[in-house]
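**Q** Pasting input_17.tsv below, which is TSV, N, CA and C atoms.
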chain	number	residue	atom	x	y	z
R	1	MET	N	17.72	6.44	-5.53
R	1	MET	CA	18.29	5.20	-5.06
R	1	MET	C	19.10	5.44	-3.79
R	2	ARG	N	19.86	6.51	-3.83
R	2	ARG	CA	20.68	6.82	-2.66
R	2	ARG	C	19.83	7.02	-1.41
R	3	HIS	N	18.65	7.61	-1.59
R	3	HIS	CA	17.76	7.85	-0.46
R	3	HIS	C	17.35	6.55	0.22
R	4	ILE	N	17.03	5.52	-0.55
R	4	ILE	CA	16.65	4.23	0.04
R	4	ILE	C	17.81	3.67	0.86
R	5	TRP	N	19.02	3.73	0.30
R	5	TRP	CA	20.18	3.19	1.01
R	5	TRP	C	20.52	4.02	2.25
R	6	GLU	N	20.36	5.34	2.17
R	6	GLU	CA	20.59	6.18	3.35
R	6	GLU	C	19.62	5.81	4.46
R	7	PHE	N	18.35	5.68	4.09
R	7	PHE	CA	17.34	5.30	5.06
R	7	PHE	C	17.67	3.95	5.70
R	8	ALA	N	18.02	2.98	4.86
R	8	ALA	CA	18.33	1.64	5.36
R	8	ALA	C	19.53	1.66	6.30
R	9	ALA	N	20.56	2.42	5.94
R	9	ALA	CA	21.75	2.50	6.79
R	9	ALA	C	21.44	3.15	8.14
R	10	LEU	N	20.59	4.15	8.12
R	10	LEU	CA	20.23	4.82	9.38
R	10	LEU	C	19.32	3.96	10.25
R	11	GLU	N	18.43	3.22	9.64
R	11	GLU	CA	17.45	2.43	10.38
R	11	GLU	C	17.92	1.04	10.79
R	12	SER	N	19.03	0.58	10.22
R	12	SER	CA	19.56	-0.73	10.59
R	12	SER	C	19.91	-0.74	12.08
R	13	CYS	N	19.47	-1.76	12.77
R	13	CYS	CA	19.75	-1.83	14.21
R	13	CYS	C	21.20	-2.23	14.48
R	14	GLY	N	21.86	-2.81	13.48
R	14	GLY	CA	23.25	-3.19	13.63
R	14	GLY	C	23.48	-4.53	14.29
R	15	ALA	N	22.40	-5.28	14.54
R	15	ALA	CA	22.54	-6.56	15.23
R	15	ALA	C	23.21	-7.63	14.38
R	16	CYS	N	23.04	-7.55	13.07
R	16	CYS	CA	23.67	-8.57	12.22
R	16	CYS	C	24.53	-7.90	11.15
R	17	SER	N	25.62	-8.53	10.82
R	17	SER	CA	26.57	-7.98	9.86
R	17	SER	C	26.00	-7.81	8.46
R	18	PRO	N	25.20	-8.77	7.94
R	18	PRO	CA	24.70	-8.57	6.58
R	18	PRO	C	23.94	-7.26	6.41
R	19	CYS	N	23.15	-6.89	7.38
R	19	CYS	CA	22.39	-5.66	7.29
R	19	CYS	C	23.25	-4.45	7.65
R	20	ARG	N	23.99	-4.53	8.72
R	20	ARG	CA	24.80	-3.40	9.17
R	20	ARG	C	25.82	-3.00	8.10
R	21	VAL	N	26.57	-3.96	7.62
R	21	VAL	CA	27.60	-3.68	6.62
R	21	VAL	C	26.97	-3.51	5.24
R	22	GLY	N	25.97	-4.33	4.94
R	22	GLY	CA	25.34	-4.30	3.62
R	22	GLY	C	24.68	-2.99	3.30
R	23	THR	N	23.98	-2.40	4.25
R	23	THR	CA	23.31	-1.14	3.97
R	23	THR	C	24.33	-0.02	3.73
R	24	ARG	N	25.41	-0.05	4.46
R	24	ARG	CA	26.44	0.97	4.25
R	24	ARG	C	27.16	0.77	2.92
R	25	ARG	N	27.38	-0.49	2.57
R	25	ARG	CA	28.01	-0.78	1.27
R	25	ARG	C	27.07	-0.41	0.12
R	26	GLY	N	25.79	-0.69	0.28
R	26	GLY	CA	24.82	-0.29	-0.73
R	26	GLY	C	24.80	1.21	-0.92
R	27	LEU	N	24.91	1.94	0.17
R	27	LEU	CA	24.96	3.40	0.10
R	27	LEU	C	26.21	3.86	-0.64
R	28	GLU	N	27.34	3.24	-0.38
R	28	GLU	CA	28.58	3.59	-1.09
R	28	GLU	C	28.42	3.37	-2.59
R	29	ILE	N	27.83	2.24	-2.95
R	29	ILE	CA	27.64	1.92	-4.37
R	29	ILE	C	26.70	2.93	-5.01
R	30	ALA	N	25.60	3.25	-4.34
R	30	ALA	CA	24.63	4.21	-4.89
R	30	ALA	C	25.23	5.60	-5.00
R	31	ALA	N	26.05	6.00	-4.03
R	31	ALA	CA	26.64	7.34	-4.03
R	31	ALA	C	27.71	7.49	-5.11
R	32	ALA	N	28.23	6.39	-5.60
R	32	ALA	CA	29.26	6.43	-6.64
R	32	ALA	C	28.70	6.82	-8.00
R	33	HIS	N	27.38	6.77	-8.16
R	33	HIS	CA	26.70	7.13	-9.42
R	33	HIS	C	27.21	6.32	-10.61
R	34	THR	N	27.54	5.08	-10.38
R	34	THR	CA	27.95	4.17	-11.45
R	34	THR	C	27.04	2.95	-11.39
R	35	PRO	N	26.95	2.19	-12.48
R	35	PRO	CA	26.15	0.96	-12.42
R	35	PRO	C	26.67	0.05	-11.31
R	36	PRO	N	25.78	-0.64	-10.61
R	36	PRO	CA	26.18	-1.40	-9.43
R	36	PRO	C	27.09	-2.60	-9.69
R	37	GLY	N	26.90	-3.33	-10.77
R	37	GLY	CA	27.79	-4.44	-11.10
R	37	GLY	C	27.63	-5.68	-10.24
R	38	PRO	N	28.55	-6.64	-10.42
R	38	PRO	CA	28.44	-7.94	-9.75
R	38	PRO	C	28.59	-7.87	-8.23
R	39	SER	N	29.32	-6.91	-7.71
R	39	SER	CA	29.46	-6.82	-6.25
R	39	SER	C	28.11	-6.51	-5.61
R	40	TYR	N	27.29	-5.72	-6.29
R	40	TYR	CA	25.96	-5.43	-5.76
R	40	TYR	C	25.09	-6.67	-5.79
R	41	GLU	N	25.21	-7.47	-6.84
R	41	GLU	CA	24.42	-8.70	-6.92
R	41	GLU	C	24.71	-9.61	-5.73
R	42	SER	N	25.97	-9.75	-5.38
R	42	SER	CA	26.35	-10.55	-4.21
R	42	SER	C	25.83	-9.93	-2.92
R	43	LEU	N	25.93	-8.62	-2.82
R	43	LEU	CA	25.45	-7.91	-1.64
R	43	LEU	C	23.95	-8.12	-1.44
R	44	ALA	N	23.18	-7.97	-2.51
R	44	ALA	CA	21.72	-8.13	-2.42
R	44	ALA	C	21.36	-9.55	-2.00
R	45	ARG	N	22.05	-10.53	-2.57
R	45	ARG	CA	21.78	-11.93	-2.21
R	45	ARG	C	22.13	-12.19	-0.75
R	46	LEU	N	23.29	-11.70	-0.31
R	46	LEU	CA	23.72	-11.91	1.07
R	46	LEU	C	22.76	-11.24	2.05
R	47	MET	N	22.35	-10.02	1.77
R	47	MET	CA	21.40	-9.34	2.66
R	47	MET	C	20.07	-10.08	2.69
R	48	GLY	N	19.59	-10.49	1.53
R	48	GLY	CA	18.30	-11.18	1.45
R	48	GLY	C	18.29	-12.51	2.18
R	49	GLU	N	19.41	-13.21	2.17
R	49	GLU	CA	19.47	-14.54	2.78
R	49	GLU	C	20.05	-14.53	4.19
R	50	GLY	N	20.90	-13.57	4.50
R	50	GLY	CA	21.64	-13.63	5.76
R	50	GLY	C	21.20	-12.71	6.87
R	51	SER	N	20.38	-11.72	6.55
R	51	SER	CA	19.93	-10.79	7.60
R	51	SER	C	19.01	-11.49	8.58
R	52	MET	N	19.11	-11.12	9.84
R	52	MET	CA	18.31	-11.77	10.88
R	52	MET	C	16.87	-11.28	10.91
R	53	CYS	N	16.63	-10.06	10.47
R	53	CYS	CA	15.26	-9.52	10.56
R	53	CYS	C	14.70	-9.27	9.16
R	54	ALA	N	13.41	-9.03	9.13
R	54	ALA	CA	12.72	-8.77	7.87
R	54	ALA	C	13.20	-7.47	7.24
R	55	PHE	N	13.58	-6.50	8.04
R	55	PHE	CA	14.05	-5.23	7.49
R	55	PHE	C	15.24	-5.47	6.57
R	56	GLY	N	16.27	-6.11	7.08
R	56	GLY	CA	17.47	-6.37	6.29
R	56	GLY	C	17.21	-7.26	5.09
R	57	ARG	N	16.34	-8.23	5.25
R	57	ARG	CA	16.02	-9.12	4.14
R	57	ARG	C	15.24	-8.43	3.04
R	58	ARG	N	14.49	-7.39	3.37
R	58	ARG	CA	13.62	-6.73	2.39
R	58	ARG	C	14.22	-5.49	1.74
R	59	VAL	N	15.33	-5.00	2.23
R	59	VAL	CA	15.95	-3.82	1.60
R	59	VAL	C	16.27	-4.09	0.12
R	60	PRO	N	16.89	-5.22	-0.23
R	60	PRO	CA	17.15	-5.47	-1.65
R	60	PRO	C	15.86	-5.52	-2.48
R	61	ALA	N	14.78	-6.02	-1.91
R	61	ALA	CA	13.51	-6.06	-2.62
R	61	ALA	C	12.98	-4.66	-2.87
R	62	ALA	N	13.15	-3.76	-1.92
R	62	ALA	CA	12.72	-2.36	-2.11
R	62	ALA	C	13.54	-1.70	-3.22
R	63	VAL	N	14.81	-2.01	-3.26
R	63	VAL	CA	15.69	-1.46	-4.30
R	63	VAL	C	15.26	-2.00	-5.67
R	64	ARG	N	14.99	-3.30	-5.76
R	64	ARG	CA	14.52	-3.89	-7.02
R	64	ARG	C	13.21	-3.26	-7.47
R	65	SER	N	12.31	-3.02	-6.53
R	65	SER	CA	11.02	-2.42	-6.86
R	65	SER	C	11.21	-1.02	-7.46
R	66	LEU	N	12.07	-0.23	-6.86
R	66	LEU	CA	12.35	1.10	-7.39
R	66	LEU	C	12.98	1.01	-8.78
R	67	ALA	N	13.90	0.06	-8.96
R	67	ALA	CA	14.55	-0.11	-10.26
R	67	ALA	C	13.53	-0.49	-11.33
R	68	ARG	N	12.57	-1.34	-10.99
R	68	ARG	CA	11.54	-1.71	-11.96
R	68	ARG	C	10.67	-0.50	-12.30
R	69	ALA	N	10.37	0.32	-11.31
R	69	ALA	CA	9.51	1.48	-11.54
R	69	ALA	C	10.18	2.53	-12.42
R	70	TYR	N	11.49	2.68	-12.30
R	70	TYR	CA	12.19	3.70	-13.06
R	70	TYR	C	12.90	3.17	-14.29
R	71	GLY	N	12.84	1.88	-14.52
R	71	GLY	CA	13.34	1.30	-15.76
R	71	GLY	C	14.82	1.49	-16.03
R	72	ARG	N	15.11	1.89	-17.25
R	72	ARG	CA	16.50	1.96	-17.73
R	72	ARG	C	17.41	2.85	-16.90
R	73	ASP	N	16.86	3.86	-16.29
R	73	ASP	CA	17.70	4.76	-15.48
R	73	ASP	C	18.39	4.03	-14.33
R	74	LEU	N	17.79	2.94	-13.89
R	74	LEU	CA	18.36	2.19	-12.76
R	74	LEU	C	18.75	0.77	-13.13
R	75	THR	N	19.16	0.57	-14.37
R	75	THR	CA	19.59	-0.75	-14.82
R	75	THR	C	20.72	-1.26	-13.94
R	76	GLY	N	20.63	-2.50	-13.56
R	76	GLY	CA	21.66	-3.13	-12.72
R	76	GLY	C	21.21	-3.28	-11.28
R	77	TRP	N	20.31	-2.39	-10.83
R	77	TRP	CA	19.82	-2.46	-9.46
R	77	TRP	C	18.68	-3.45	-9.35
R	78	ASP	N	18.22	-3.99	-10.46
R	78	ASP	CA	17.06	-4.88	-10.45
R	78	ASP	C	17.43	-6.33	-10.23
R	79	ARG	N	18.60	-6.61	-9.75
R	79	ARG	CA	19.03	-7.98	-9.50
R	79	ARG	C	18.64	-8.42	-8.12
So, in terms of structure tokens, how does the structure I just supplied come out?

**A**
Amino acid sequence: MRHIWEFAALESCGACSPCRVGTRRGLEIAAAHTPPGPSYESLARLMGEGSMCAFGRRVPAAVRSLARAYGRDLTGWDR
């Protein structure tokens, strides 16, 4: 999970705040090795709706896809 967020944070162009800040916040949450909780749910929604480009809008979808593939190990990231 951390790898996806690291990639997203590095590849974000930084043009819009939802993606620039969101990818770094997602990385912080993933690096904490704790369940993501309600703050992640808000982050995923904000990135999906507020990012200017498809990259930022699709990062939460990539995270959800990984969570579905790995099941219980990534519970909470599937929001």

**Q** Suppose you want the space between CA of Thr34 (chain R) and CA of Ala62 (chain R); what is it in Å?

**A** 19.0 Å

**Q** Out of R:Ala44, R:Ala54, R:Ala31, R:Val21, which residue has the shortest atom-to-atom distance to Met1 (chain R) when counting all atoms listed in the file?

**A**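 That would be R:Ala31, the residue with the smallest distance to Met1 (chain R).
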
**Q** Take the point (22.7, -5.8, 11.2) as written in the file and pick out every residue within 10 Å of it, counting only C-alpha atoms; give the list as a list of chain:residue names.

**A**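 Residues satisfying the cut-off, written out: R:Ala9, R:Glu11, R:Ser12, R:Cys13, R:Gly14, R:Ala15, R:Cys16, R:Ser17, R:Pro18, R:Cys19, R:Arg20, R:Val21, R:Gly22, R:Thr23, R:Met47, R:Gly50, R:Ser51, R:Met52, R:Cys53, R:Phe55, R:Gly56.
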
**Q** Expressed in Å to a single decimal, how great is the separation between CA of Arg57 (chain R) and CA of Leu27 (chain R)?

**A**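 Atom-to-atom, CA of Arg57 (chain R) to CA of Leu27 (chain R), that is 15.9 Å.
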
**Q** Run DSSP on the backbone of this structure and report the residues of chain R it assigns to helix (DSSP H, G or I), as a PyMOL selection string.

**A** chain R and resi 2-11+17-31+37-50+54-74

**Q** Which one of R:Gly48, R:Arg24, R:Val59, R:Pro35 sits closest to Arg72 (chain R) if you count only C-alpha atoms?

**A**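 Between R:Gly48, R:Arg24, R:Val59, R:Pro35, the residue approaching Arg72 (chain R) most closely is R:Pro35.
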
**Q** Using all atoms listed in the file, what residues lie at most 7 Å away from (14.7, -0.9, -13.5) (file coordinates), given as a list in words?

**A** Arg64, Ser65, Leu66, Ala67, Arg68, Ala69, Tyr70, Gly71, Arg72, Asp73, Leu74, Thr75, Gly76, Trp77 and Asp78 of chain R

**Q** Please compute the CA of Leu10 (chain R)-CA of Glu49 (chain R) distance, one decimal, in Å.

**A**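 According to the coordinates, CA of Leu10 (chain R) and CA of Glu49 (chain R) are separated by 20.5 Å.
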
**Q** Could you check the closest approach to Arg2 (chain R) for each of R:Ala30, R:Ser39, R:Arg45, R:Pro60 and tell me which residue wins, using only N, CA and C atoms?

**A**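 Looking at the shortest contact to Arg2 (chain R), the residue is R:Ala30.
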
**Q** Please, could all heavy atoms be added to region 22-33 of chain R and the result written as a compact mmCIF listing (two decimals), keeping the file's coordinate frame?

**A**
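Done, and the output landed in selection_18.txt:
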# COMPACT_ATOMS: atom_id res chain seq x y z
N GLY R 22 25.97 -4.33 4.94
CA GLY R 22 25.34 -4.30 3.62
C GLY R 22 24.68 -2.99 3.30
O GLY R 22 24.80 -2.49 2.17
N THR R 23 23.98 -2.40 4.25
CA THR R 23 23.31 -1.14 3.97
C THR R 23 24.33 -0.02 3.73
O THR R 23 24.13 0.82 2.85
CB THR R 23 22.35 -0.73 5.10
OG1 THR R 23 23.04 -0.68 6.35
CG2 THR R 23 21.18 -1.70 5.20
N ARG R 24 25.41 -0.05 4.46
CA ARG R 24 26.44 0.97 4.25
C ARG R 24 27.16 0.77 2.92
O ARG R 24 27.49 1.72 2.22
CB ARG R 24 27.41 0.98 5.41
CG ARG R 24 26.78 1.63 6.64
CD ARG R 24 27.45 1.25 7.94
NE ARG R 24 26.80 1.84 9.10
CZ ARG R 24 25.69 1.37 9.65
NH1 ARG R 24 25.08 0.33 9.15
NH2 ARG R 24 25.16 1.96 10.72
N ARG R 25 27.38 -0.49 2.57
CA ARG R 25 28.01 -0.78 1.27
C ARG R 25 27.07 -0.41 0.12
O ARG R 25 27.51 0.13 -0.89
CB ARG R 25 28.40 -2.26 1.21
CG ARG R 25 29.04 -2.66 -0.08
CD ARG R 25 30.41 -1.99 -0.26
NE ARG R 25 30.92 -2.35 -1.56
CZ ARG R 25 31.34 -1.47 -2.46
NH1 ARG R 25 31.38 -0.20 -2.18
NH2 ARG R 25 31.77 -1.87 -3.62
N GLY R 26 25.79 -0.69 0.28
CA GLY R 26 24.82 -0.29 -0.73
C GLY R 26 24.80 1.21 -0.92
O GLY R 26 24.71 1.71 -2.05
N LEU R 27 24.91 1.94 0.17
CA LEU R 27 24.96 3.40 0.10
C LEU R 27 26.21 3.86 -0.64
O LEU R 27 26.15 4.77 -1.46
CB LEU R 27 24.91 3.99 1.52
CG LEU R 27 24.98 5.51 1.62
CD1 LEU R 27 23.89 6.17 0.80
CD2 LEU R 27 24.89 5.93 3.08
N GLU R 28 27.34 3.24 -0.38
CA GLU R 28 28.58 3.59 -1.09
C GLU R 28 28.42 3.37 -2.59
O GLU R 28 28.85 4.19 -3.39
CB GLU R 28 29.75 2.75 -0.58
CG GLU R 28 30.21 3.09 0.81
CD GLU R 28 31.23 2.09 1.33
OE1 GLU R 28 31.62 1.15 0.59
OE2 GLU R 28 31.64 2.24 2.49
N ILE R 29 27.83 2.24 -2.95
CA ILE R 29 27.64 1.92 -4.37
C ILE R 29 26.70 2.93 -5.01
O ILE R 29 26.96 3.44 -6.11
CB ILE R 29 27.11 0.49 -4.54
CG1 ILE R 29 28.16 -0.53 -4.09
CG2 ILE R 29 26.72 0.22 -5.99
CD1 ILE R 29 27.64 -1.96 -3.98
N ALA R 30 25.60 3.25 -4.34
CA ALA R 30 24.63 4.21 -4.89
C ALA R 30 25.23 5.60 -5.00
O ALA R 30 24.97 6.33 -5.95
CB ALA R 30 23.37 4.23 -4.02
N ALA R 31 26.05 6.00 -4.03
CA ALA R 31 26.64 7.34 -4.03
C ALA R 31 27.71 7.49 -5.11
O ALA R 31 28.02 8.61 -5.52
CB ALA R 31 27.24 7.65 -2.67
N ALA R 32 28.23 6.39 -5.60
CA ALA R 32 29.26 6.43 -6.64
C ALA R 32 28.70 6.82 -8.00
O ALA R 32 29.45 7.18 -8.91
CB ALA R 32 29.98 5.09 -6.73
N HIS R 33 27.38 6.77 -8.16
CA HIS R 33 26.70 7.13 -9.42
C HIS R 33 27.21 6.32 -10.61
O HIS R 33 27.34 6.85 -11.71
CB HIS R 33 26.84 8.63 -9.70
CG HIS R 33 26.26 9.48 -8.63
ND1 HIS R 33 24.90 9.55 -8.39
CD2 HIS R 33 26.85 10.29 -7.73
CE1 HIS R 33 24.69 10.38 -7.39
NE2 HIS R 33 25.85 10.84 -6.96
